[in-house]
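Text of my_file09.cif (mmCIF, C-alpha atoms) as supplied:
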data_input
loop_
_atom_site.group_PDB
_atom_site.id
_atom_site.type_symbol
_atom_site.label_atom_id
_atom_site.label_comp_id
_atom_site.auth_asym_id
_atom_site.auth_seq_id
_atom_site.Cartn_x
_atom_site.Cartn_y
_atom_site.Cartn_z
ATOM 1 C CA GLY E 1 69.276 -12.251 15.274
ATOM 2 C CA ALA E 2 70.842 -15.657 14.881
ATOM 3 C CA VAL E 3 73.854 -15.970 12.583
ATOM 4 C CA VAL E 4 74.338 -18.628 9.942
ATOM 5 C CA SER E 5 77.664 -18.789 8.157
ATOM 6 C CA GLN E 6 78.465 -20.476 4.869
ATOM 7 C CA HIS E 7 81.830 -21.367 3.434
ATOM 8 C CA PRO E 8 83.119 -20.946 0.813
ATOM 9 C CA SER E 9 81.220 -17.943 -0.473
ATOM 10 C CA TRP E 10 82.494 -18.513 -3.995
ATOM 11 C CA VAL E 11 84.004 -21.601 -5.589
ATOM 12 C CA ILE E 12 85.089 -22.439 -9.120
ATOM 13 C CA CYS E 13 85.784 -26.037 -10.034
ATOM 14 C CA LYS E 14 86.375 -28.215 -13.041
ATOM 15 C CA SER E 15 83.675 -30.446 -14.433
ATOM 16 C CA GLY E 16 83.733 -33.881 -12.809
ATOM 17 C CA THR E 17 85.148 -32.771 -9.467
ATOM 18 C CA SER E 18 83.311 -32.634 -6.148
ATOM 19 C CA VAL E 19 82.738 -29.548 -4.068
ATOM 20 C CA LYS E 20 81.822 -29.313 -0.389
ATOM 21 C CA ILE E 21 79.920 -26.366 1.070
ATOM 22 C CA GLU E 22 79.656 -25.869 4.826
ATOM 23 C CA CYS E 23 76.820 -24.274 6.735
ATOM 24 C CA ARG E 24 77.310 -23.371 10.384
ATOM 25 C CA SER E 25 74.987 -21.884 12.983
ATOM 26 C CA LEU E 26 77.272 -19.646 15.008
ATOM 27 C CA ASP E 27 75.268 -18.679 18.067
ATOM 28 C CA PHE E 28 72.517 -21.252 18.300
ATOM 29 C CA GLN E 29 71.971 -24.976 17.904
ATOM 30 C CA ALA E 30 70.184 -25.848 14.682
ATOM 31 C CA THR E 31 68.182 -29.023 14.889
ATOM 32 C CA THR E 32 67.156 -28.620 11.297
ATOM 33 C CA MET E 33 68.969 -27.067 8.370
ATOM 34 C CA PHE E 34 67.723 -26.524 4.850
ATOM 35 C CA TRP E 35 69.555 -26.307 1.549
ATOM 36 C CA TYR E 36 68.232 -24.122 -1.268
ATOM 37 C CA ARG E 37 69.375 -23.459 -4.801
ATOM 38 C CA GLN E 38 68.791 -20.202 -6.605
ATOM 39 C CA PHE E 39 69.303 -19.706 -10.318
ATOM 40 C CA PRO E 40 69.607 -16.155 -11.682
ATOM 41 C CA LYS E 41 66.314 -14.263 -11.615
ATOM 42 C CA GLN E 42 64.532 -17.261 -10.140
ATOM 43 C CA SER E 43 63.148 -17.960 -6.705
ATOM 44 C CA LEU E 44 64.847 -20.048 -4.048
ATOM 45 C CA MET E 45 64.034 -23.719 -4.460
ATOM 46 C CA LEU E 46 64.275 -26.059 -1.496
ATOM 47 C CA MET E 47 66.570 -28.971 -2.278
ATOM 48 C CA ALA E 48 66.605 -30.894 0.989
ATOM 49 C CA THR E 49 65.932 -30.788 4.695
ATOM 50 C CA SER E 50 68.671 -31.972 6.992
ATOM 51 C CA ASN E 51 68.097 -33.082 10.571
ATOM 52 C CA GLU E 52 70.993 -33.595 12.947
ATOM 53 C CA GLY E 53 71.974 -37.238 13.198
ATOM 54 C CA SER E 54 69.611 -38.559 10.543
ATOM 55 C CA LYS E 55 69.392 -38.825 6.779
ATOM 56 C CA ALA E 56 68.366 -35.788 4.804
ATOM 57 C CA THR E 57 64.981 -35.571 3.150
ATOM 58 C CA TYR E 58 65.217 -34.549 -0.491
ATOM 59 C CA GLU E 59 62.641 -32.672 -2.534
ATOM 60 C CA GLN E 60 61.219 -34.254 -5.618
ATOM 61 C CA GLY E 61 63.593 -34.069 -8.555
ATOM 62 C CA VAL E 62 66.743 -33.571 -6.458
ATOM 63 C CA GLU E 63 69.275 -36.383 -6.842
ATOM 64 C CA LYS E 64 70.371 -37.514 -3.401
ATOM 65 C CA ASP E 65 73.457 -39.278 -4.766
ATOM 66 C CA LYS E 66 74.594 -36.113 -6.479
ATOM 67 C CA PHE E 67 73.895 -33.716 -3.625
ATOM 68 C CA LEU E 68 75.202 -35.389 -0.486
ATOM 69 C CA ILE E 69 74.100 -33.796 2.758
ATOM 70 C CA ASN E 70 75.607 -34.476 6.146
ATOM 71 C CA HIS E 71 74.314 -32.916 9.372
ATOM 72 C CA ALA E 72 76.778 -34.355 11.855
ATOM 73 C CA SER E 73 76.321 -31.851 14.666
ATOM 74 C CA LEU E 74 73.827 -29.266 15.891
ATOM 75 C CA THR E 75 75.904 -26.482 14.372
ATOM 76 C CA LEU E 76 77.165 -27.893 11.084
ATOM 77 C CA SER E 77 75.628 -29.223 7.897
ATOM 78 C CA THR E 78 77.544 -29.858 4.683
ATOM 79 C CA LEU E 79 76.414 -30.122 1.088
ATOM 80 C CA THR E 80 78.706 -31.974 -1.318
ATOM 81 C CA VAL E 81 78.043 -31.591 -5.018
ATOM 82 C CA THR E 82 79.542 -34.737 -6.508
ATOM 83 C CA SER E 83 80.860 -34.980 -10.065
ATOM 84 C CA ALA E 84 79.821 -31.415 -10.713
ATOM 85 C CA HIS E 85 78.770 -30.323 -14.198
ATOM 86 C CA PRO E 86 78.234 -26.831 -15.640
ATOM 87 C CA GLU E 87 74.471 -27.137 -15.147
ATOM 88 C CA ASP E 88 75.112 -27.404 -11.390
ATOM 89 C CA SER E 89 76.454 -23.845 -11.416
ATOM 90 C CA SER E 90 74.170 -21.935 -9.112
ATOM 91 C CA PHE E 91 73.853 -20.052 -5.840
ATOM 92 C CA TYR E 92 73.451 -22.483 -2.948
ATOM 93 C CA ILE E 93 71.984 -21.116 0.279
ATOM 94 C CA CYS E 94 71.487 -22.841 3.600
ATOM 95 C CA SER E 95 69.092 -21.875 6.342
ATOM 96 C CA ALA E 96 68.672 -23.077 9.876
ATOM 97 C CA ARG E 97 65.929 -23.355 12.429
ATOM 98 C CA GLY E 98 66.572 -23.256 16.163
ATOM 99 C CA GLN E 99 65.627 -25.983 18.576
ATOM 100 C CA VAL E 100 62.522 -24.051 19.559
ATOM 101 C CA ASN E 101 60.449 -23.913 16.397
ATOM 102 C CA THR E 102 59.191 -20.366 16.114
ATOM 103 C CA GLY E 103 58.794 -20.871 12.407
ATOM 104 C CA GLU E 104 61.586 -18.413 11.713
ATOM 105 C CA LEU E 105 64.444 -19.419 9.480
ATOM 106 C CA PHE E 106 67.889 -17.824 9.422
ATOM 107 C CA PHE E 107 69.754 -17.820 6.132
ATOM 108 C CA GLY E 108 73.432 -18.046 5.373
ATOM 109 C CA GLU E 109 75.116 -15.692 2.937
ATOM 110 C CA GLY E 110 75.115 -18.236 0.153
ATOM 111 C CA SER E 111 77.792 -20.003 -1.859
ATOM 112 C CA ARG E 112 78.185 -19.338 -5.553
ATOM 113 C CA LEU E 113 79.351 -22.408 -7.459
ATOM 114 C CA THR E 114 80.733 -22.114 -10.975
ATOM 115 C CA VAL E 115 81.573 -25.340 -12.764
ATOM 116 C CA LEU E 116 83.826 -24.943 -15.787
ATOM 117 C CA GLN O 1 50.428 -21.444 -12.690
ATOM 118 C CA LYS O 2 53.056 -20.788 -10.050
ATOM 119 C CA GLU O 3 51.967 -21.011 -6.435
ATOM 120 C CA VAL O 4 53.407 -17.559 -5.755
ATOM 121 C CA GLU O 5 53.590 -14.783 -8.325
ATOM 122 C CA GLN O 6 55.798 -11.745 -7.920
ATOM 123 C CA ASP O 7 56.689 -9.075 -10.455
ATOM 124 C CA PRO O 8 60.462 -9.289 -10.957
ATOM 125 C CA GLY O 9 60.812 -5.590 -11.726
ATOM 126 C CA PRO O 10 63.140 -3.810 -11.798
ATOM 127 C CA LEU O 11 61.387 -1.090 -9.862
ATOM 128 C CA SER O 12 63.183 2.249 -9.788
ATOM 129 C CA VAL O 13 62.085 5.011 -7.408
ATOM 130 C CA PRO O 14 63.574 8.297 -6.175
ATOM 131 C CA GLU O 15 64.904 8.546 -2.641
ATOM 132 C CA GLY O 16 62.129 9.328 -0.163
ATOM 133 C CA ALA O 17 59.383 7.663 -2.204
ATOM 134 C CA ILE O 18 56.917 5.157 -0.808
ATOM 135 C CA VAL O 19 57.545 1.743 -2.318
ATOM 136 C CA SER O 20 54.859 -0.885 -2.748
ATOM 137 C CA LEU O 21 55.875 -4.488 -3.393
ATOM 138 C CA ASN O 22 53.314 -7.222 -3.935
ATOM 139 C CA CYS O 23 52.788 -10.944 -4.282
ATOM 140 C CA THR O 24 49.767 -13.022 -5.171
ATOM 141 C CA TYR O 25 49.335 -16.682 -4.358
ATOM 142 C CA SER O 26 46.992 -19.497 -5.225
ATOM 143 C CA ASN O 27 47.138 -21.846 -2.229
ATOM 144 C CA SER O 28 44.496 -20.872 0.327
ATOM 145 C CA ALA O 29 46.257 -23.028 2.933
ATOM 146 C CA PHE O 30 49.073 -20.505 3.303
ATOM 147 C CA GLN O 31 48.840 -18.779 6.685
ATOM 148 C CA TYR O 32 52.350 -17.530 7.385
ATOM 149 C CA PHE O 33 53.807 -14.806 5.199
ATOM 150 C CA MET O 34 57.311 -13.425 5.124
ATOM 151 C CA TRP O 35 59.264 -10.752 3.343
ATOM 152 C CA TYR O 36 62.995 -11.153 2.856
ATOM 153 C CA ARG O 37 65.542 -8.653 1.573
ATOM 154 C CA GLN O 38 68.429 -10.025 -0.468
ATOM 155 C CA TYR O 39 71.407 -7.925 -1.439
ATOM 156 C CA SER O 40 73.372 -8.976 -4.484
ATOM 157 C CA ARG O 41 75.241 -12.252 -3.926
ATOM 158 C CA LYS O 42 74.094 -12.483 -0.318
ATOM 159 C CA GLY O 43 71.620 -14.678 1.519
ATOM 160 C CA PRO O 44 68.090 -13.492 2.278
ATOM 161 C CA GLU O 45 67.484 -11.471 5.438
ATOM 162 C CA LEU O 46 64.109 -11.680 7.161
ATOM 163 C CA LEU O 47 62.302 -8.330 7.246
ATOM 164 C CA MET O 48 58.742 -9.164 8.228
ATOM 165 C CA TYR O 49 56.928 -12.262 9.475
ATOM 166 C CA THR O 50 53.141 -12.216 9.696
ATOM 167 C CA TYR O 51 50.365 -14.635 10.404
ATOM 168 C CA SER O 52 46.999 -14.593 8.643
ATOM 169 C CA SER O 53 45.359 -11.386 7.468
ATOM 170 C CA GLY O 54 46.099 -7.904 8.714
ATOM 171 C CA ASN O 55 48.858 -5.337 8.924
ATOM 172 C CA LYS O 56 52.189 -5.342 10.729
ATOM 173 C CA GLU O 57 54.477 -2.361 11.040
ATOM 174 C CA ASP O 58 58.185 -2.260 11.871
ATOM 175 C CA GLY O 59 59.891 1.083 11.449
ATOM 176 C CA ARG O 60 59.655 2.152 7.805
ATOM 177 C CA PHE O 61 58.258 -1.215 6.758
ATOM 178 C CA THR O 62 54.614 -2.287 6.747
ATOM 179 C CA ALA O 63 53.446 -5.742 5.733
ATOM 180 C CA GLN O 64 49.867 -6.262 4.693
ATOM 181 C CA VAL O 65 48.068 -9.558 4.120
ATOM 182 C CA ASP O 66 44.666 -9.958 2.473
ATOM 183 C CA LYS O 67 43.863 -13.647 2.554
ATOM 184 C CA SER O 68 40.472 -13.163 0.898
ATOM 185 C CA SER O 69 42.239 -11.810 -2.191
ATOM 186 C CA LYS O 70 45.339 -13.983 -1.752
ATOM 187 C CA TYR O 71 47.443 -10.855 -1.944
ATOM 188 C CA ILE O 72 50.280 -9.618 0.234
ATOM 189 C CA SER O 73 52.153 -6.334 0.188
ATOM 190 C CA LEU O 74 55.238 -4.736 1.653
ATOM 191 C CA PHE O 75 55.361 -0.966 1.904
ATOM 192 C CA ILE O 76 58.599 0.929 2.460
ATOM 193 C CA ARG O 77 58.250 4.535 3.586
ATOM 194 C CA ASP O 78 60.923 7.180 3.045
ATOM 195 C CA SER O 79 62.922 4.822 0.861
ATOM 196 C CA GLN O 80 66.713 5.078 0.985
ATOM 197 C CA PRO O 81 69.426 4.069 -1.501
ATOM 198 C CA SER O 82 70.426 1.407 1.039
ATOM 199 C CA ASP O 83 67.014 -0.209 0.484
ATOM 200 C CA SER O 84 68.134 -1.116 -3.036
ATOM 201 C CA ALA O 85 67.964 -4.918 -3.113
ATOM 202 C CA THR O 86 65.801 -7.790 -4.223
ATOM 203 C CA TYR O 87 62.713 -8.333 -2.076
ATOM 204 C CA LEU O 88 61.363 -11.847 -1.846
ATOM 205 C CA CYS O 89 57.996 -12.844 -0.518
ATOM 206 C CA ALA O 90 57.656 -16.299 1.028
ATOM 207 C CA MET O 91 54.828 -18.232 2.585
ATOM 208 C CA LYS O 92 53.851 -21.517 4.180
ATOM 209 C CA GLY O 93 50.868 -23.320 5.637
ATOM 210 C CA THR O 94 51.759 -24.029 9.251
ATOM 211 C CA VAL O 95 54.394 -22.861 11.706
ATOM 212 C CA ALA O 96 55.938 -26.337 11.743
ATOM 213 C CA THR O 97 56.140 -26.613 7.962
ATOM 214 C CA ASN O 98 59.711 -26.637 6.729
ATOM 215 C CA LYS O 99 59.038 -25.738 3.149
ATOM 216 C CA LEU O 100 58.801 -22.077 2.300
ATOM 217 C CA ILE O 101 57.410 -21.184 -1.100
ATOM 218 C CA PHE O 102 59.225 -18.150 -2.462
ATOM 219 C CA GLY O 103 58.324 -15.609 -5.065
ATOM 220 C CA THR O 104 60.910 -14.812 -7.716
ATOM 221 C CA GLY O 105 61.760 -11.523 -6.012
ATOM 222 C CA THR O 106 61.394 -7.903 -7.075
ATOM 223 C CA LEU O 107 64.543 -5.919 -7.773
ATOM 224 C CA LEU O 108 64.256 -2.450 -6.240
ATOM 225 C CA ALA O 109 66.553 0.454 -7.037
ATOM 226 C CA VAL O 110 66.250 3.636 -4.969
ATOM 227 C CA GLN O 111 67.912 6.515 -6.780
ATOM 228 C CA PRO O 112 69.662 9.183 -4.658
#

Write out the structure in this file as structure tokens.
Amino acid sequence: GAVVSQHPSWVICKSGTSVKIECRSLDFQATTMFWYRQFPKQSLMLMATSNEGSKATYEQGVEKDKFLINHASLTLSTLTVTSAHPEDSSFYICSARGQVNTGELFFGEGSRLTVL
Amino acid sequence: QKEVEQDPGPLSVPEGAIVSLNCTYSNSAFQYFMWYRQYSRKGPELLMYTYSSGNKEDGRFTAQVDKSSKYISLFIRDSQPSDSATYLCAMKGTVATNKLIFGTGTLLAVQP
């Protein structure tokens, strides 16, 4: 199956700083990437949809100025959590869809953010 | 009411048992149903992908969809300790739809 890689897998930062998480499709070109957030014992919640070369589409209730998404190439999307606060601590997971839309999504391994 | 309901468990079974995992949903527009396995602190891995009602089998895994009851199941035969993980159901309305609606996941522990 297709491989999606996320980096870093675990990051700890101080309150007020910004953190960037990368999501890469390693063996396919991802026209569309998705960013999810997962709190403990809760389901994955879609935050935004990112299309290569265009602005991301955010889900209702997700602050676009706080969660900056850049999809600059067909293999890389980044999520920047700006001015992070402890309530932003969560597991962030990206997924990607290939250029041929079979409906199947491939997930990265996730990035655990802890804001002190 | 949540769109997708899933018992969070934990579900503990002995090795070799048949495991039954279930989700119910409320949106009759859902047509595509998926089961993902998620190991601790890892991303979800797609196990089964089905369309509409019916059964689909892949090795020890069988996915079952009953759209009339809005109920989906995943059966694991001859369960192994390596099957211990959280199992998430997910669903959507059309193949082109980006947004998957996930259940909360069921934590499964297979005891050796």

Could you tell me which residues of chain O sit within 10 Å of chain E when counting only C-alpha atoms, and give me the result as a PDB file with C-alpha atoms, in the coordinates of the input?
ATOM      1  CA  VAL O   4      53.407 -17.559  -5.755  1.00  0.00           C
ATOM      2  CA  GLN O   6      55.798 -11.745  -7.920  1.00  0.00           C
ATOM      3  CA  PRO O   8      60.462  -9.289 -10.957  1.00  0.00           C
ATOM      4  CA  TYR O  32      52.350 -17.530   7.385  1.00  0.00           C
ATOM      5  CA  MET O  34      57.311 -13.425   5.124  1.00  0.00           C
ATOM      6  CA  GLN O  38      68.429 -10.025  -0.468  1.00  0.00           C
ATOM      7  CA  TYR O  39      71.407  -7.925  -1.439  1.00  0.00           C
ATOM      8  CA  ARG O  41      75.241 -12.252  -3.926  1.00  0.00           C
ATOM      9  CA  LYS O  42      74.094 -12.483  -0.318  1.00  0.00           C
ATOM     10  CA  GLY O  43      71.620 -14.678   1.519  1.00  0.00           C
ATOM     11  CA  PRO O  44      68.090 -13.492   2.278  1.00  0.00           C
ATOM     12  CA  GLU O  45      67.484 -11.471   5.438  1.00  0.00           C
ATOM     13  CA  LEU O  46      64.109 -11.680   7.161  1.00  0.00           C
ATOM     14  CA  TYR O  49      56.928 -12.262   9.475  1.00  0.00           C
ATOM     15  CA  THR O  86      65.801  -7.790  -4.223  1.00  0.00           C
ATOM     16  CA  LEU O  88      61.363 -11.847  -1.846  1.00  0.00           C
ATOM     17  CA  CYS O  89      57.996 -12.844  -0.518  1.00  0.00           C
ATOM     18  CA  ALA O  90      57.656 -16.299   1.028  1.00  0.00           C
ATOM     19  CA  LYS O  92      53.851 -21.517   4.180  1.00  0.00           C
ATOM     20  CA  THR O  94      51.759 -24.029   9.251  1.00  0.00           C
ATOM     21  CA  VAL O  95      54.394 -22.861  11.706  1.00  0.00           C
ATOM     22  CA  ALA O  96      55.938 -26.337  11.743  1.00  0.00           C
ATOM     23  CA  THR O  97      56.140 -26.613   7.962  1.00  0.00           C
ATOM     24  CA  ASN O  98      59.711 -26.637   6.729  1.00  0.00           C
ATOM     25  CA  LYS O  99      59.038 -25.738   3.149  1.00  0.00           C
ATOM     26  CA  LEU O 100      58.801 -22.077   2.300  1.00  0.00           C
ATOM     27  CA  ILE O 101      57.410 -21.184  -1.100  1.00  0.00           C
ATOM     28  CA  PHE O 102      59.225 -18.150  -2.462  1.00  0.00           C
ATOM     29  CA  GLY O 103      58.324 -15.609  -5.065  1.00  0.00           C
ATOM     30  CA  THR O 104      60.910 -14.812  -7.716  1.00  0.00           C
ATOM     31  CA  GLY O 105      61.760 -11.523  -6.012  1.00  0.00           C
ATOM     32  CA  THR O 106      61.394  -7.903  -7.075  1.00  0.00           C
ATOM     33  CA  LEU O 107      64.543  -5.919  -7.773  1.00  0.00           C
TER      34      LEU O 107
END

task = Please write as a PyMOL selection string the list of polymer residues whose atoms come within 6 Å of (80.2, -29.9, -9.8), counting all atoms listed in the file and keeping to the coordinates of the file.
result = chain E and resi 15+17-18+81-85+88+115

request  = Tell me, in Å to one decimal, how far CA of Leu113 in chain E is from CA of Lys66 in chain E.
outcome  =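 Computing it gives 14.5 Å between the two atoms.
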
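Each of O:Ser12, O:Ser28, O:Asn22, O:Ser40 was compared to Ser73 in chain O using only C-alpha atoms, and O:Asn22 turns out to be the nearest.
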
note = One decimal place gives the CA of Phe28 in chain E-CA of Gly53 in chain E separation as 16.8 Å

task = Counting all atoms listed in the file, select every polymer residue within 8 Å of (56.3, -9.6, 11.3) as defined in the file's coordinates, and provide the selection as a ChimeraX atom specification.
result = /O:34,47-51,56-58,63

ask   = Smallest atom-to-atom distance to Leu68 in chain E: which of E:Cys13, E:Ile21, E:Ala96, E:Ala2, using all atoms listed in the file?
value =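 Under the stated criterion, the closest residue is E:Ile21.
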
message = For this structure, which residues satisfy the selection - the PyMOL selection byres ((chain O and resi 11) around 7) - when it is evaluated on the file as given? I want them as a ChimeraX atom specification.
response = /O:9-10,12-13,107-109

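The closest residue to Ala17 in chain O, picked from O:Gln31, O:Ser52, O:Ser79, O:Thr62 and counting all atoms listed in the file, is O:Ser79.
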
message = Can you measure CA of Gln80 in chain O to CA of Tyr36 in chain O for me? One decimal in Å is fine.
response = 16.8 Å

ask   = From the set O:Val65, O:Val110, O:Ile18, O:Leu74, which residue has the shortest atom-to-atom contact distance to Phe30 in chain O, counting all atoms listed in the file?
value =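 Checking each of O:Val65, O:Val110, O:Ile18, O:Leu74 against Phe30 in chain O, counting all atoms listed in the file, the winner is O:Val65.
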
message = Which residues are close to Ser77 in chain E, i.e. within 6 Å by only C-alpha atoms, leaving aside same-chain residues fewer than 2 positions away? Reply as a list of chain:residue names.
response = E:Cys23, E:Asn70, E:His71

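Among the candidates O:Ser20, O:Gln1, O:Ser26, O:Ser53, the residue lying nearest to Asp78 in chain O is O:Ser20 (atoms considered: only C-alpha atoms).
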
key: Contacts of Glu52 in chain E within 6 Å, all atoms listed in the file, excl. fewer than 6 positions in-chain, as JSON, numbers by chain   = {"E": [31, 71, 72, 73, 74]}

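Near range 69-71 of chain O, within 6 Å and counting all atoms listed in the file, sit Cys23, Thr24, Tyr25, Asp66 and Lys67 of chain O, not including residues fewer than 2 positions from it in the same chain.
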
Would you fill the gaps in range 62-83 of chain E so it has N, CA, C and O atoms, then print it as a CSV table (one decimal), in the frame of the given file?
chain,number,residue,atom,x,y,z
E,62,VAL,N,65.4,-33.8,-6.9
E,62,VAL,CA,66.7,-33.6,-6.5
E,62,VAL,C,67.4,-34.9,-6.2
E,62,VAL,O,67.0,-35.8,-5.5
E,63,GLU,N,68.6,-35.1,-6.9
E,63,GLU,CA,69.3,-36.4,-6.8
E,63,GLU,C,70.1,-36.5,-5.5
E,63,GLU,O,71.1,-35.8,-5.4
E,64,LYS,N,69.7,-37.4,-4.7
E,64,LYS,CA,70.4,-37.5,-3.4
E,64,LYS,C,71.8,-38.0,-3.5
E,64,LYS,O,72.6,-37.7,-2.7
E,65,ASP,N,72.1,-38.8,-4.6
E,65,ASP,CA,73.5,-39.3,-4.8
E,65,ASP,C,74.4,-38.2,-5.3
E,65,ASP,O,75.6,-38.3,-5.3
E,66,LYS,N,73.8,-37.2,-5.9
E,66,LYS,CA,74.6,-36.1,-6.5
E,66,LYS,C,74.8,-35.0,-5.4
E,66,LYS,O,75.9,-34.4,-5.4
E,67,PHE,N,73.8,-34.8,-4.6
E,67,PHE,CA,73.9,-33.7,-3.6
E,67,PHE,C,73.9,-34.4,-2.2
E,67,PHE,O,72.8,-34.6,-1.7
E,68,LEU,N,75.1,-34.7,-1.8
E,68,LEU,CA,75.2,-35.4,-0.5
E,68,LEU,C,75.1,-34.4,0.7
E,68,LEU,O,75.9,-33.4,0.7
E,69,ILE,N,74.3,-34.7,1.6
E,69,ILE,CA,74.1,-33.8,2.8
E,69,ILE,C,74.4,-34.5,4.0
E,69,ILE,O,73.9,-35.7,4.3
E,70,ASN,N,75.2,-33.9,4.9
E,70,ASN,CA,75.6,-34.5,6.1
E,70,ASN,C,75.4,-33.4,7.2
E,70,ASN,O,75.8,-32.3,7.2
E,71,HIS,N,74.6,-33.8,8.3
E,71,HIS,CA,74.3,-32.9,9.4
E,71,HIS,C,74.8,-33.6,10.6
E,71,HIS,O,74.0,-34.2,11.4
E,72,ALA,N,76.1,-33.5,10.8
E,72,ALA,CA,76.8,-34.4,11.9
E,72,ALA,C,76.7,-33.8,13.3
E,72,ALA,O,76.8,-34.5,14.2
E,73,SER,N,76.4,-32.5,13.3
E,73,SER,CA,76.3,-31.9,14.7
E,73,SER,C,75.2,-30.8,14.6
E,73,SER,O,74.7,-30.5,13.6
E,74,LEU,N,74.9,-30.3,15.8
E,74,LEU,CA,73.8,-29.3,15.9
E,74,LEU,C,74.2,-27.9,15.3
E,74,LEU,O,73.4,-27.0,15.3
E,75,THR,N,75.5,-27.8,14.9
E,75,THR,CA,75.9,-26.5,14.4
E,75,THR,C,76.5,-26.6,13.0
E,75,THR,O,76.9,-25.6,12.4
E,76,LEU,N,76.5,-27.8,12.4
E,76,LEU,CA,77.2,-27.9,11.1
E,76,LEU,C,76.4,-28.8,10.2
E,76,LEU,O,76.1,-30.0,10.5
E,77,SER,N,76.1,-28.4,9.0
E,77,SER,CA,75.6,-29.2,7.9
E,77,SER,C,76.5,-29.0,6.7
E,77,SER,O,76.9,-27.9,6.4
E,78,THR,N,76.7,-30.0,5.9
E,78,THR,CA,77.5,-29.9,4.7
E,78,THR,C,76.8,-30.4,3.5
E,78,THR,O,76.0,-31.4,3.6
E,79,LEU,N,77.0,-29.7,2.4
E,79,LEU,CA,76.4,-30.1,1.1
E,79,LEU,C,77.6,-30.4,0.2
E,79,LEU,O,78.4,-29.5,0.0
E,80,THR,N,77.7,-31.6,-0.4
E,80,THR,CA,78.7,-32.0,-1.3
E,80,THR,C,78.1,-32.2,-2.7
E,80,THR,O,77.2,-33.1,-2.8
E,81,VAL,N,78.5,-31.4,-3.6
E,81,VAL,CA,78.0,-31.6,-5.0
E,81,VAL,C,79.1,-32.5,-5.7
E,81,VAL,O,80.2,-32.2,-5.9
E,82,THR,N,78.6,-33.7,-6.0
E,82,THR,CA,79.5,-34.7,-6.5
E,82,THR,C,79.5,-34.7,-8.0
E,82,THR,O,78.5,-34.4,-8.7
E,83,SER,N,80.7,-35.0,-8.6
E,83,SER,CA,80.9,-35.0,-10.1
E,83,SER,C,80.1,-33.8,-10.7
E,83,SER,O,79.2,-34.0,-11.5
